[in-house]
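S.K.: So I've got this file, upload01.cif, and it contains mmCIF, C-alpha atoms and all ligand atoms:
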```
data_my_file
loop_
_atom_site.label_atom_id
_atom_site.label_comp_id
_atom_site.auth_asym_id
_atom_site.auth_seq_id
_atom_site.Cartn_x
_atom_site.Cartn_y
_atom_site.Cartn_z
CA MET K 868 23.96 88.54 -215.30
CA LEU K 869 26.53 91.31 -215.09
CA PRO K 870 29.99 90.28 -213.97
CA LEU K 871 31.55 92.02 -211.00
CA PRO K 872 34.12 94.56 -212.12
CA GLY K 873 37.71 94.31 -210.98
CA ALA K 874 39.33 96.98 -208.82
CA CYS K 875 38.86 100.42 -210.36
CA GLY K 876 42.57 101.09 -210.47
CA LYS K 877 42.21 104.25 -208.41
CA ARG K 878 42.81 104.66 -204.67
CA ASP K 879 42.03 101.23 -203.31
CA ASP K 880 40.53 102.35 -200.01
CA VAL K 881 37.93 104.63 -201.49
CA CYS K 882 37.34 103.57 -205.06
CA ASP K 883 33.54 103.66 -204.71
CA VAL K 884 33.64 107.39 -204.13
CA HIS K 885 35.07 107.93 -207.60
CA LEU K 886 31.63 107.14 -208.91
CA PRO K 887 29.68 110.35 -209.45
CA PRO K 888 26.42 110.63 -207.47
CA GLU K 889 24.30 110.55 -210.68
CA ARG K 890 25.85 107.19 -211.60
CA LEU K 891 25.23 105.78 -208.11
CA ALA K 892 21.62 107.02 -208.30
CA ARG K 893 21.19 105.40 -211.74
CA MET K 894 22.59 102.14 -210.42
CA ALA K 895 20.27 102.23 -207.42
CA TRP K 896 17.30 102.97 -209.70
CA ARG K 897 18.19 100.05 -211.98
CA ARG K 898 18.59 97.78 -209.02
CA HIS K 899 15.11 98.53 -207.76
CA ASN K 900 13.43 98.57 -211.17
CA ARG K 901 15.00 95.62 -212.91
CA PRO K 902 12.72 93.45 -215.03
CA MET K 903 11.21 90.44 -213.28
CA GLY K 904 13.49 87.43 -213.34
CA GLU K 905 16.62 89.30 -214.36
CA THR K 906 19.51 88.58 -212.02
CA TYR K 907 21.52 91.68 -211.35
CA ILE K 908 24.76 92.21 -209.49
CA PRO K 909 25.28 95.85 -208.55
CA LEU K 910 28.46 97.63 -209.52
CA ALA K 911 29.34 99.59 -206.42
CA ASP K 912 31.61 100.05 -203.49
CA LEU K 913 34.63 97.98 -204.29
CA ARG K 914 36.37 99.46 -201.29
CA TYR K 915 38.31 96.26 -200.84
CA ALA K 916 38.78 93.56 -203.40
CA ALA K 917 36.11 90.87 -203.30
CA ASP K 918 35.48 87.75 -205.27
CA LEU K 919 32.04 86.72 -206.37
CA PRO K 920 31.36 83.45 -204.52
CA ARG K 921 30.86 80.38 -206.67
CA ILE K 922 27.40 78.87 -206.64
CA PRO K 923 27.39 75.07 -206.66
CA ALA K 924 25.42 73.58 -209.54
CA GLN K 925 23.43 71.43 -207.11
CA PRO K 926 23.66 72.94 -203.64
CA ALA K 927 23.46 70.34 -200.86
CA ALA K 928 21.28 71.15 -197.85
CA PRO K 929 23.43 72.52 -194.99
CA ALA K 930 24.17 69.85 -192.39
CA GLY K 931 25.90 72.06 -189.82
CA LEU K 932 29.13 70.17 -190.39
CA LEU K 933 31.25 72.54 -192.45
CA SER K 934 34.97 72.07 -192.21
CA ASP K 935 37.70 74.08 -193.91
CA ARG K 936 40.97 72.80 -195.42
CA LEU K 937 42.58 72.79 -191.96
CA GLY K 938 39.63 70.93 -190.44
CA ARG K 939 38.19 73.98 -188.70
CA PRO K 940 34.42 74.10 -188.14
CA LEU K 941 32.32 77.27 -188.50
CA HIS K 942 30.65 78.35 -185.23
CA ASP K 943 30.93 82.08 -184.90
CA LEU K 944 29.81 84.95 -187.15
CA ARG K 945 30.91 88.54 -186.51
CA ILE K 946 28.77 91.15 -188.18
CA SER K 947 29.96 94.71 -188.71
CA VAL K 948 26.88 96.95 -188.78
CA THR K 949 28.65 100.23 -189.50
CA ASP K 950 32.13 101.39 -190.48
CA ARG K 951 31.70 104.61 -188.50
CA CYS K 952 33.00 105.20 -185.01
CA ASN K 953 32.98 108.22 -182.69
CA PHE K 954 36.40 107.28 -181.24
CA ARG K 955 39.75 107.60 -183.00
CA CYS K 956 41.88 105.07 -181.10
CA SER K 957 45.30 105.26 -182.71
CA TYR K 958 45.59 101.45 -182.92
CA CYS K 959 42.36 101.17 -184.91
CA MET K 960 41.17 104.38 -186.61
CA PRO K 961 43.99 106.92 -186.32
CA LYS K 962 42.78 110.50 -186.58
CA GLU K 963 45.31 111.39 -189.26
CA VAL K 964 43.72 108.87 -191.66
CA PHE K 965 40.09 108.88 -190.58
CA ASP K 966 39.64 112.62 -190.62
CA LYS K 967 36.86 114.88 -191.95
CA ALA K 968 37.86 114.13 -195.54
CA TYR K 969 37.52 110.37 -195.13
CA ARG K 970 34.50 108.99 -196.96
CA PHE K 971 32.67 106.36 -194.96
CA LEU K 972 30.37 103.97 -196.77
CA PRO K 973 27.14 105.47 -198.06
CA HIS K 974 24.00 104.14 -196.36
CA THR K 975 22.92 102.28 -199.51
CA SER K 976 26.07 100.17 -199.30
CA LEU K 977 25.28 98.85 -195.85
CA LEU K 978 23.44 95.58 -195.53
CA SER K 979 19.88 96.23 -194.33
CA PHE K 980 18.70 94.53 -191.14
CA GLU K 981 16.68 92.13 -193.30
CA GLU K 982 19.73 91.26 -195.39
CA ILE K 983 21.83 90.72 -192.26
CA THR K 984 19.14 88.51 -190.73
CA ARG K 985 18.80 86.48 -193.90
CA ALA K 986 22.55 85.96 -194.09
CA ALA K 987 22.71 85.07 -190.39
CA ARG K 988 19.92 82.51 -190.84
CA LEU K 989 21.92 80.81 -193.60
CA PHE K 990 25.06 80.76 -191.45
CA VAL K 991 23.10 79.32 -188.52
CA ALA K 992 21.90 76.48 -190.74
CA HIS K 993 25.60 75.80 -191.42
CA GLY K 994 26.39 75.44 -187.70
CA VAL K 995 26.90 78.99 -186.44
CA THR K 996 25.66 79.29 -182.85
CA LYS K 997 27.19 82.61 -181.87
CA LEU K 998 26.66 86.05 -183.42
CA ARG K 999 28.65 89.13 -182.46
CA LEU K 1000 27.55 92.58 -183.61
CA THR K 1001 30.44 94.95 -184.03
CA GLY K 1002 31.82 97.68 -186.26
CA GLY K 1003 32.87 100.57 -186.27
CA GLU K 1004 30.80 101.45 -183.27
CA PRO K 1005 27.70 99.26 -183.57
CA LEU K 1006 25.59 101.46 -181.31
CA LEU K 1007 25.88 104.28 -183.85
CA ARG K 1008 23.67 102.24 -186.20
CA LYS K 1009 20.14 103.52 -185.69
CA HIS K 1010 17.57 101.20 -184.11
CA LEU K 1011 20.09 98.42 -183.56
CA GLU K 1012 17.69 96.83 -181.09
CA VAL K 1013 15.41 96.04 -184.06
CA LEU K 1014 18.22 93.96 -185.60
CA VAL K 1015 18.92 92.32 -182.24
CA ALA K 1016 15.25 91.29 -181.99
CA GLN K 1017 15.31 89.84 -185.52
CA LEU K 1018 18.47 87.85 -184.77
CA ALA K 1019 17.17 86.72 -181.38
CA ALA K 1020 14.20 85.12 -183.14
CA LEU K 1021 16.51 82.80 -185.12
CA ARG K 1022 16.95 79.22 -183.94
CA THR K 1023 19.60 76.60 -184.55
CA PRO K 1024 18.56 73.48 -186.52
CA GLY K 1025 18.16 71.86 -183.07
CA GLY K 1026 15.71 74.58 -182.01
CA GLU K 1027 18.03 76.38 -179.62
CA SER K 1028 18.38 80.14 -179.35
CA LEU K 1029 21.63 81.76 -180.38
CA ASP K 1030 24.35 83.29 -178.28
CA ILE K 1031 24.12 86.93 -179.39
CA THR K 1032 26.56 89.53 -178.16
CA LEU K 1033 27.89 92.95 -179.04
CA THR K 1034 31.24 94.71 -178.81
CA THR K 1035 30.97 98.42 -178.07
CA ASN K 1036 33.09 101.33 -176.93
CA GLY K 1037 30.35 101.95 -174.37
CA SER K 1038 29.96 105.63 -175.21
CA VAL K 1039 26.18 105.44 -175.65
CA LEU K 1040 25.55 102.19 -173.80
CA GLU K 1041 23.99 103.96 -170.83
CA ARG K 1042 21.11 105.10 -173.08
CA LYS K 1043 20.75 101.87 -175.04
CA ALA K 1044 21.39 99.01 -172.61
CA ALA K 1045 17.80 98.47 -171.44
CA ALA K 1046 16.31 98.44 -174.98
CA LEU K 1047 19.04 96.10 -176.25
CA HIS K 1048 18.51 93.69 -173.39
CA ALA K 1049 14.74 93.76 -173.87
CA ALA K 1050 15.30 92.97 -177.57
CA GLY K 1051 17.29 89.83 -176.68
CA LEU K 1052 20.89 90.90 -176.11
CA LYS K 1053 21.97 88.82 -173.14
CA ARG K 1054 25.57 89.93 -172.83
CA VAL K 1055 27.98 92.59 -173.99
CA THR K 1056 31.70 93.33 -174.32
CA VAL K 1057 32.83 96.89 -173.60
CA SER K 1058 36.20 98.16 -174.80
CA LEU K 1059 37.96 100.14 -172.10
CA ASP K 1060 41.66 100.89 -172.42
CA ALA K 1061 42.19 102.77 -169.14
CA VAL K 1062 40.39 103.71 -165.96
CA ASP K 1063 42.38 106.90 -165.51
CA ASP K 1064 40.45 109.67 -167.25
CA ALA K 1065 43.46 111.41 -168.79
CA VAL K 1066 44.86 108.17 -170.22
CA PHE K 1067 41.43 107.12 -171.48
CA ARG K 1068 40.90 110.46 -173.25
CA ARG K 1069 44.31 110.09 -174.91
CA MET K 1070 43.54 106.53 -175.99
CA ASN K 1071 40.21 107.39 -177.64
CA ASP K 1072 41.78 110.57 -179.05
CA VAL K 1073 38.48 112.46 -179.06
CA ASP K 1074 38.69 113.55 -175.42
CA PHE K 1075 35.85 111.24 -174.41
CA PRO K 1076 35.51 110.93 -170.60
CA VAL K 1077 35.88 107.52 -168.97
CA ALA K 1078 32.98 108.21 -166.57
CA ASP K 1079 30.45 107.92 -169.43
CA VAL K 1080 31.71 104.46 -170.36
CA LEU K 1081 31.69 103.34 -166.74
CA ARG K 1082 28.04 104.45 -166.52
CA GLY K 1083 27.39 102.39 -169.67
CA ILE K 1084 28.82 99.32 -167.93
CA ASP K 1085 26.61 100.01 -164.91
CA ALA K 1086 23.58 100.30 -167.19
CA ALA K 1087 24.37 96.96 -168.86
CA LEU K 1088 24.60 95.27 -165.46
CA THR K 1089 21.41 96.95 -164.24
CA ALA K 1090 19.62 95.83 -167.41
CA GLY K 1091 20.58 92.24 -166.54
CA MET K 1092 23.31 91.55 -169.09
CA ALA K 1093 25.67 88.83 -167.91
CA PRO K 1094 28.49 88.37 -168.16
CA VAL K 1095 29.74 91.83 -169.04
CA LYS K 1096 33.24 91.59 -170.46
CA ILE K 1097 35.72 94.45 -170.65
CA ASN K 1098 38.43 94.46 -173.33
CA MET K 1099 41.60 96.44 -172.82
CA VAL K 1100 44.02 96.73 -175.74
CA VAL K 1101 47.47 97.08 -174.21
CA LYS K 1102 50.02 99.23 -175.99
CA ARG K 1103 53.43 99.20 -174.38
CA GLY K 1104 54.50 102.65 -173.28
CA THR K 1105 51.02 104.12 -173.89
CA ASN K 1106 48.53 102.51 -171.49
CA ASP K 1107 50.32 99.55 -169.93
CA ASP K 1108 50.43 101.46 -166.63
CA GLN K 1109 46.65 100.93 -166.53
CA ILE K 1110 46.75 97.11 -166.28
CA VAL K 1111 46.75 96.93 -162.49
CA PRO K 1112 44.52 99.99 -161.84
CA LEU K 1113 41.87 98.71 -164.27
CA ALA K 1114 41.97 95.22 -162.74
CA ARG K 1115 41.63 96.75 -159.29
CA HIS K 1116 38.71 98.90 -160.44
CA VAL K 1117 36.87 95.91 -161.94
CA ARG K 1118 37.43 93.77 -158.82
CA ASP K 1119 36.39 96.54 -156.42
CA SER K 1120 33.44 97.93 -158.36
CA TYR K 1121 31.87 94.87 -159.94
CA GLY K 1122 33.36 91.64 -158.59
CA PRO K 1123 33.24 88.31 -160.44
CA GLY K 1124 30.28 89.29 -162.68
CA VAL K 1125 32.56 91.34 -164.92
CA ILE K 1126 35.45 89.70 -166.78
CA LEU K 1127 38.41 91.82 -167.80
CA ARG K 1128 40.40 90.71 -170.85
CA PHE K 1129 43.71 92.07 -172.06
CA ILE K 1130 44.31 92.08 -175.82
CA GLU K 1131 47.72 92.22 -177.43
CA TYR K 1132 48.04 95.15 -179.80
CA MET K 1133 47.68 93.65 -183.30
CA ASP K 1134 48.88 94.56 -186.78
CA VAL K 1135 45.37 94.70 -188.23
CA GLY K 1136 44.68 96.92 -191.23
CA ALA K 1137 47.23 99.14 -192.86
CA THR K 1138 46.91 102.44 -191.04
CA ASN K 1139 47.88 102.03 -187.39
CA GLY K 1140 51.66 102.07 -187.84
CA TRP K 1141 51.99 98.86 -185.80
CA ARG K 1142 55.38 98.03 -184.30
CA MET K 1143 56.31 94.85 -182.49
CA ASP K 1144 58.08 96.81 -179.74
CA GLU K 1145 54.72 98.35 -178.79
CA VAL K 1146 53.19 94.92 -178.15
CA LEU K 1147 53.19 93.91 -174.51
CA PRO K 1148 53.07 90.10 -174.49
CA SER K 1149 50.20 88.59 -172.49
CA ALA K 1150 52.78 86.71 -170.40
CA ASP K 1151 53.99 90.09 -169.11
CA VAL K 1152 50.41 91.17 -168.37
CA VAL K 1153 49.88 88.02 -166.30
CA ARG K 1154 53.22 88.51 -164.54
CA ARG K 1155 52.44 92.13 -163.63
CA LEU K 1156 48.96 91.28 -162.40
CA SER K 1157 50.05 88.22 -160.47
CA ALA K 1158 52.52 90.30 -158.52
CA VAL K 1159 49.56 92.20 -157.04
CA PHE K 1160 46.65 89.76 -157.34
CA PRO K 1161 47.95 86.16 -157.57
CA LEU K 1162 46.49 84.21 -160.52
CA GLN K 1163 45.98 80.56 -161.46
CA PRO K 1164 45.31 79.27 -165.01
CA LEU K 1165 41.81 77.98 -165.88
CA GLN K 1166 40.68 75.51 -168.52
CA PRO K 1167 39.05 76.96 -171.68
CA SER K 1168 35.27 77.14 -171.36
CA ALA K 1169 34.67 76.45 -175.08
CA ALA K 1170 36.56 75.15 -178.11
CA GLY K 1171 38.00 77.95 -180.21
CA GLU K 1172 37.92 80.44 -177.32
CA THR K 1173 40.15 83.42 -178.09
CA ALA K 1174 41.07 84.23 -174.48
CA GLN K 1175 43.23 82.20 -172.14
CA ARG K 1176 41.52 82.29 -168.77
CA TRP K 1177 43.04 82.93 -165.35
CA ARG K 1178 41.35 83.12 -161.94
CA TYR K 1179 42.24 85.28 -158.97
CA VAL K 1180 43.43 82.96 -156.21
CA ASP K 1181 41.48 84.99 -153.63
CA GLY K 1182 38.17 84.28 -155.42
CA GLY K 1183 37.89 87.76 -156.95
CA GLY K 1184 36.77 86.41 -160.33
CA GLU K 1185 38.65 85.76 -163.54
CA ILE K 1186 40.54 87.57 -166.27
CA GLY K 1187 41.44 86.63 -169.83
CA VAL K 1188 44.39 87.35 -172.10
CA ILE K 1189 44.10 87.36 -175.87
CA SER K 1190 47.54 86.68 -177.30
CA SER K 1191 47.00 86.81 -181.02
CA VAL K 1192 50.53 88.10 -181.62
CA THR K 1193 52.67 86.03 -179.25
CA GLN K 1194 50.55 82.85 -179.22
CA ALA K 1195 48.52 82.71 -182.40
CA PHE K 1196 45.34 80.66 -182.22
CA CYS K 1197 44.59 80.29 -185.96
CA ARG K 1198 44.30 76.49 -185.56
CA ASP K 1199 41.18 76.94 -183.46
CA CYS K 1200 39.66 79.82 -185.42
CA ASN K 1201 36.01 79.05 -186.14
CA ARG K 1202 34.98 82.62 -187.01
CA ALA K 1203 33.69 84.22 -190.18
CA ARG K 1204 33.21 87.95 -190.57
CA LEU K 1205 30.54 89.80 -192.49
CA SER K 1206 31.69 93.31 -193.33
CA THR K 1207 29.51 96.41 -193.19
CA GLU K 1208 28.72 96.11 -196.89
CA GLY K 1209 28.22 92.37 -196.92
CA LYS K 1210 31.63 91.01 -197.86
CA LEU K 1211 32.46 87.74 -196.19
CA PHE K 1212 35.97 87.64 -194.72
CA LEU K 1213 37.54 84.57 -193.17
CA CYS K 1214 40.49 86.15 -191.41
CA LEU K 1215 40.96 89.39 -189.50
CA PHE K 1216 44.12 89.93 -191.53
CA ALA K 1217 42.60 89.24 -194.94
CA SER K 1218 42.84 91.59 -197.86
CA ARG K 1219 40.11 89.99 -200.00
CA GLY K 1220 36.53 89.17 -199.21
CA HIS K 1221 33.71 87.29 -200.88
CA ASP K 1222 30.85 89.44 -202.06
CA LEU K 1223 27.80 87.97 -200.34
CA ARG K 1224 25.86 91.19 -200.83
CA ALA K 1225 26.00 90.67 -204.58
CA LEU K 1226 24.22 87.36 -204.01
CA LEU K 1227 21.78 88.72 -201.42
CA ARG K 1228 20.78 91.51 -203.80
CA GLY K 1229 21.18 89.50 -206.96
CA GLY K 1230 18.06 87.39 -206.87
CA TYR K 1231 19.76 84.20 -205.71
CA THR K 1232 17.84 81.66 -203.65
CA ASP K 1233 18.67 80.73 -200.07
CA GLU K 1234 19.85 77.34 -201.31
CA GLN K 1235 22.26 78.94 -203.78
CA ILE K 1236 23.67 81.41 -201.25
CA SER K 1237 23.94 78.71 -198.61
CA GLY K 1238 25.80 76.53 -201.13
CA ALA K 1239 28.14 79.43 -201.91
CA ILE K 1240 28.89 79.95 -198.19
CA GLY K 1241 29.70 76.24 -197.90
CA LEU K 1242 32.18 76.43 -200.78
CA VAL K 1243 33.86 79.56 -199.42
CA TRP K 1244 34.35 77.99 -195.98
CA GLY K 1245 35.47 74.66 -197.45
CA ASP K 1246 38.23 76.46 -199.39
CA ARG K 1247 39.54 78.34 -196.37
CA GLU K 1248 43.19 77.81 -195.43
CA ASP K 1249 44.31 81.16 -193.96
CA ARG K 1250 46.43 81.26 -190.78
CA TYR K 1251 48.01 84.68 -190.91
CA SER K 1252 48.96 85.06 -187.23
CA GLU K 1253 50.74 81.72 -187.17
CA LEU K 1254 52.68 82.66 -190.29
CA ARG K 1255 53.50 86.06 -188.83
CA GLY K 1256 54.87 84.26 -185.78
CA ALA K 1257 56.99 82.09 -188.06
CA GLY K 1258 58.16 85.17 -189.95
CA THR K 1259 56.60 84.05 -193.23
CA ALA K 1260 53.35 86.02 -193.35
CA THR K 1261 52.46 88.25 -196.25
CA ALA K 1262 49.24 90.23 -196.55
CA GLY K 1263 47.29 88.24 -199.11
CA SER K 1264 48.53 88.76 -202.64
CA GLY K 1265 50.28 92.01 -201.80
CA GLU K 1266 46.92 93.77 -201.52
CA ARG K 1267 46.18 96.13 -198.69
CA ARG K 1268 44.84 94.48 -195.51
CA VAL K 1269 41.27 95.25 -194.61
CA GLU K 1270 40.70 97.71 -191.74
CA MET K 1271 39.23 96.40 -188.49
CA HIS K 1272 36.43 98.97 -188.23
CA TYR K 1273 35.14 97.80 -191.65
CA ILE K 1274 35.48 94.05 -191.19
CA GLY K 1275 34.35 94.15 -187.54
CA GLY K 1276 36.60 93.47 -184.57
N1 LIG K 1301 33.70 100.12 -181.54
C1 LIG K 1301 33.58 98.88 -180.87
C2 LIG K 1301 34.54 98.79 -179.71
O1 LIG K 1301 35.26 99.75 -179.48
O2 LIG K 1301 34.55 97.78 -179.05
C3 LIG K 1301 33.66 97.65 -181.74
C4 LIG K 1301 34.69 97.62 -182.83
S1 LIG K 1301 36.35 97.51 -182.29
C5 LIG K 1301 37.18 97.41 -183.85
C6 LIG K 1301 36.42 95.88 -181.64
C7 LIG K 1301 37.59 95.57 -180.76
O3 LIG K 1301 38.75 95.57 -181.52
C8 LIG K 1301 37.80 96.54 -179.62
O4 LIG K 1301 37.89 95.84 -178.41
C9 LIG K 1301 39.12 97.18 -179.98
O5 LIG K 1301 39.80 97.59 -178.85
C10 LIG K 1301 39.81 96.06 -180.71
N2 LIG K 1301 40.91 96.51 -181.58
C11 LIG K 1301 40.87 97.43 -182.55
N3 LIG K 1301 42.08 97.58 -183.13
C12 LIG K 1301 42.92 96.71 -182.49
C13 LIG K 1301 44.31 96.40 -182.60
N4 LIG K 1301 45.09 97.01 -183.49
N5 LIG K 1301 44.80 95.45 -181.80
C14 LIG K 1301 44.03 94.83 -180.88
N6 LIG K 1301 42.72 95.08 -180.73
C15 LIG K 1301 42.16 96.02 -181.51
#
```
Output the file's structure in the form of structure tokens.
Ligand code: SAM
M.R.:
Amino acid sequence: MLPLPGACGKRDDVCDVHLPPERLARMAWRRHNRPMGETYIPLADLRYAADLPRIPAQPAAPAGLLSDRLGRPLHDLRISVTDRCNFRCSYCMPKEVFDKAYRFLPHTSLLSFEEITRAARLFVAHGVTKLRLTGGEPLLRKHLEVLVAQLAALRTPGGESLDITLTTNGSVLERKAAALHAAGLKRVTVSLDAVDDAVFRRMNDVDFPVADVLRGIDAALTAGMAPVKINMVVKRGTNDDQIVPLARHVRDSYGPGVILRFIEYMDVGATNGWRMDEVLPSADVVRRLSAVFPLQPLQPSAAGETAQRWRYVDGGGEIGVISSVTQAFCRDCNRARLSTEGKLFLCLFASRGHDLRALLRGGYTDEQISGAIGLVWGDREDRYSELRGAGTATAGSGERRVEMHYIGG
């Protein structure tokens, strides 16, 4: 078995592209033509550092009862299906960094639908009940409805179907909503940072009109997806004037069937130039909204829920606030993240992953990979946002933090 190489020592964000095409082709050929029985771990795409997961000598059957070092269970798997996006929101994929010269992952690096489904099945056996497809922009991945159908066929050990959802910028949702719903996607979250067209075009930074996204939301509702959630990232001084207009639009146009959530601008990745003074605390969002539409707090609907819920006193539905900067919720985090190229990350702010793809493509059995997942989760002790709040956070071992479009938001 070949060991995984360390970082290549060149630019850490793009080190795979230093490999000449002939070498990549040779590696792909070897991968597909290896002698029977030989276990092979491909040498490619070390975009971010990743450890090869340990395989237990005698893997125990998953019992759905994983618990990490802080006692956190594993319930939720986020799967990034592409690192590409057609928007260039400055808080996520700023244009200056993700320009024409930027090399996105080659198609061969992406997990195939079959690999994703196999991994998801192993996570479900470990207790995962919720899958979220994300990216990048997940609807840019061709035939995504085929993956949705494969995932929708999975069952929990108790025989129940999974809660499958998708986070999208909504740009092509109008065209895809019906097929996704027919494939088994019951609900969707649409990112929408403004209802005013000029502000929205500035936020996405590719001059994309808001009307197209609003038609995508309509299409999701018409297809029967429920609930539809809308996520607004609030950046102080940039789009915070949209809080009340967007809430009014959602109340007037859709009513209680659509839930608007406000997300604090986070210091994810290493490219968005995050500054604390651009974070508008959720408490301010609630205060501003309450002044126009009085609100009352609601109980969480599920353990580990990221959003704090509030209801409109007049019965106009509910909103949520996601306060990962001002009120970190690491203690309740039950999420794992599978990156576009099959690295398992345990924290949105991580800088190192665990190379599950090497196992998926390396001839390992389900039992071995399942055992490896159990060990990775059992070792988990990250709580970056809490440490940031306490002023003691550092990004891993000084390595660059992984970007959100790669790890999946
Ligand atoms: N392209 C899809 C979309 O726009 O929803 C899915 C991927 S996107 C990375 C997932 C979510 O992360 C979006 O709701 C986006 O607004 C949010 N996001 C990205 N960068 C963020 C940041 N720095 N702070 C807070 N939320 C962020």
S.K.: Give as a list in words the residues surrounding ligand LIG 1301 (chain K) up to a distance of 6 Å, considering all atoms listed in the file.
M.R.: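 Using all atoms listed in the file, I find these residues within 6 Å of ligand LIG 1301 (chain K): Tyr958, Cys959, Thr1001, Gly1002, Gly1003, Glu1004, Thr1034, Thr1035, Asn1036, Val1057, Ser1058, Asn1098, Val1100, Ile1130, Glu1131, Tyr1132, Met1133, Asp1134, Val1135, Met1271, His1272, Gly1275 and Gly1276 of chain K.
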S.K.: May I ask which of the residues K:Thr1089, K:Thr1173, K:Thr1056, K:Ser957 is the closest one to Thr1032 (chain K), counting all atoms listed in the file?
M.R.: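 Comparing K:Thr1089, K:Thr1173, K:Thr1056, K:Ser957 against Thr1032 (chain K), the winner is K:Thr1056.
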S.K.: Do you know which residues are at most 9 Å from Phe1129 (chain K) counting all atoms listed in the file, after dropping those on the same chain fewer than 2 positions away, and could you put them as a PyMOL selection string?
M.R.: chain K and resi 1097-1101+1110+1127+1131+1149+1152+1174+1186-1190
S.K.: Tell me which protein, DNA and RNA residues are within 9 Å of Val1080 (chain K), counting all atoms listed in the file, leaving out same-chain ones fewer than 5 positions away, and put them as a short mmCIF file (atom, residue, chain, number, x, y, z; two decimals) with C-alpha atoms, in the coordinates of the input.
M.R.:
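Okay, this is what ended up in selection_4.cif:
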```cif
data_model
loop_
_atom_site.label_atom_id
_atom_site.label_comp_id
_atom_site.auth_asym_id
_atom_site.auth_seq_id
_atom_site.Cartn_x
_atom_site.Cartn_y
_atom_site.Cartn_z
CA ASN K 1036 33.09 101.33 -176.93
CA GLY K 1037 30.35 101.95 -174.37
CA SER K 1038 29.96 105.63 -175.21
CA VAL K 1039 26.18 105.44 -175.65
CA LEU K 1040 25.55 102.19 -173.80
CA GLU K 1041 23.99 103.96 -170.83
CA VAL K 1057 32.83 96.89 -173.60
CA SER K 1058 36.20 98.16 -174.80
CA LEU K 1059 37.96 100.14 -172.10
CA PHE K 1075 35.85 111.24 -174.41
CA ASP K 1085 26.61 100.01 -164.91
#
```
S.K.: Select, from K:Val1146, K:Leu1021, K:Ala1087, K:Ala1203, the residue with the minimum atom-to-atom distance to Arg1247 (chain K), counting only C-alpha atoms.
M.R.: K:Ala1203
S.K.: Choose the residue, out of K:Ala1114, K:Val1125, K:Met1092, K:Ile1240, that has the smallest atom-to-atom separation from Arg1155 (chain K); count all atoms listed in the file.
M.R.: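 Between K:Ala1114, K:Val1125, K:Met1092, K:Ile1240, the residue approaching Arg1155 (chain K) most closely is K:Ala1114.
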S.K.: Just give me the residues with any atom within 12 Å of (46.9, 82.5, -180.6), file coordinates, counting all atoms listed in the file, written as a PyMOL selection string.
M.R.: chain K and resi 1130-1131+1133+1148-1149+1171-1175+1188-1200+1250-1256
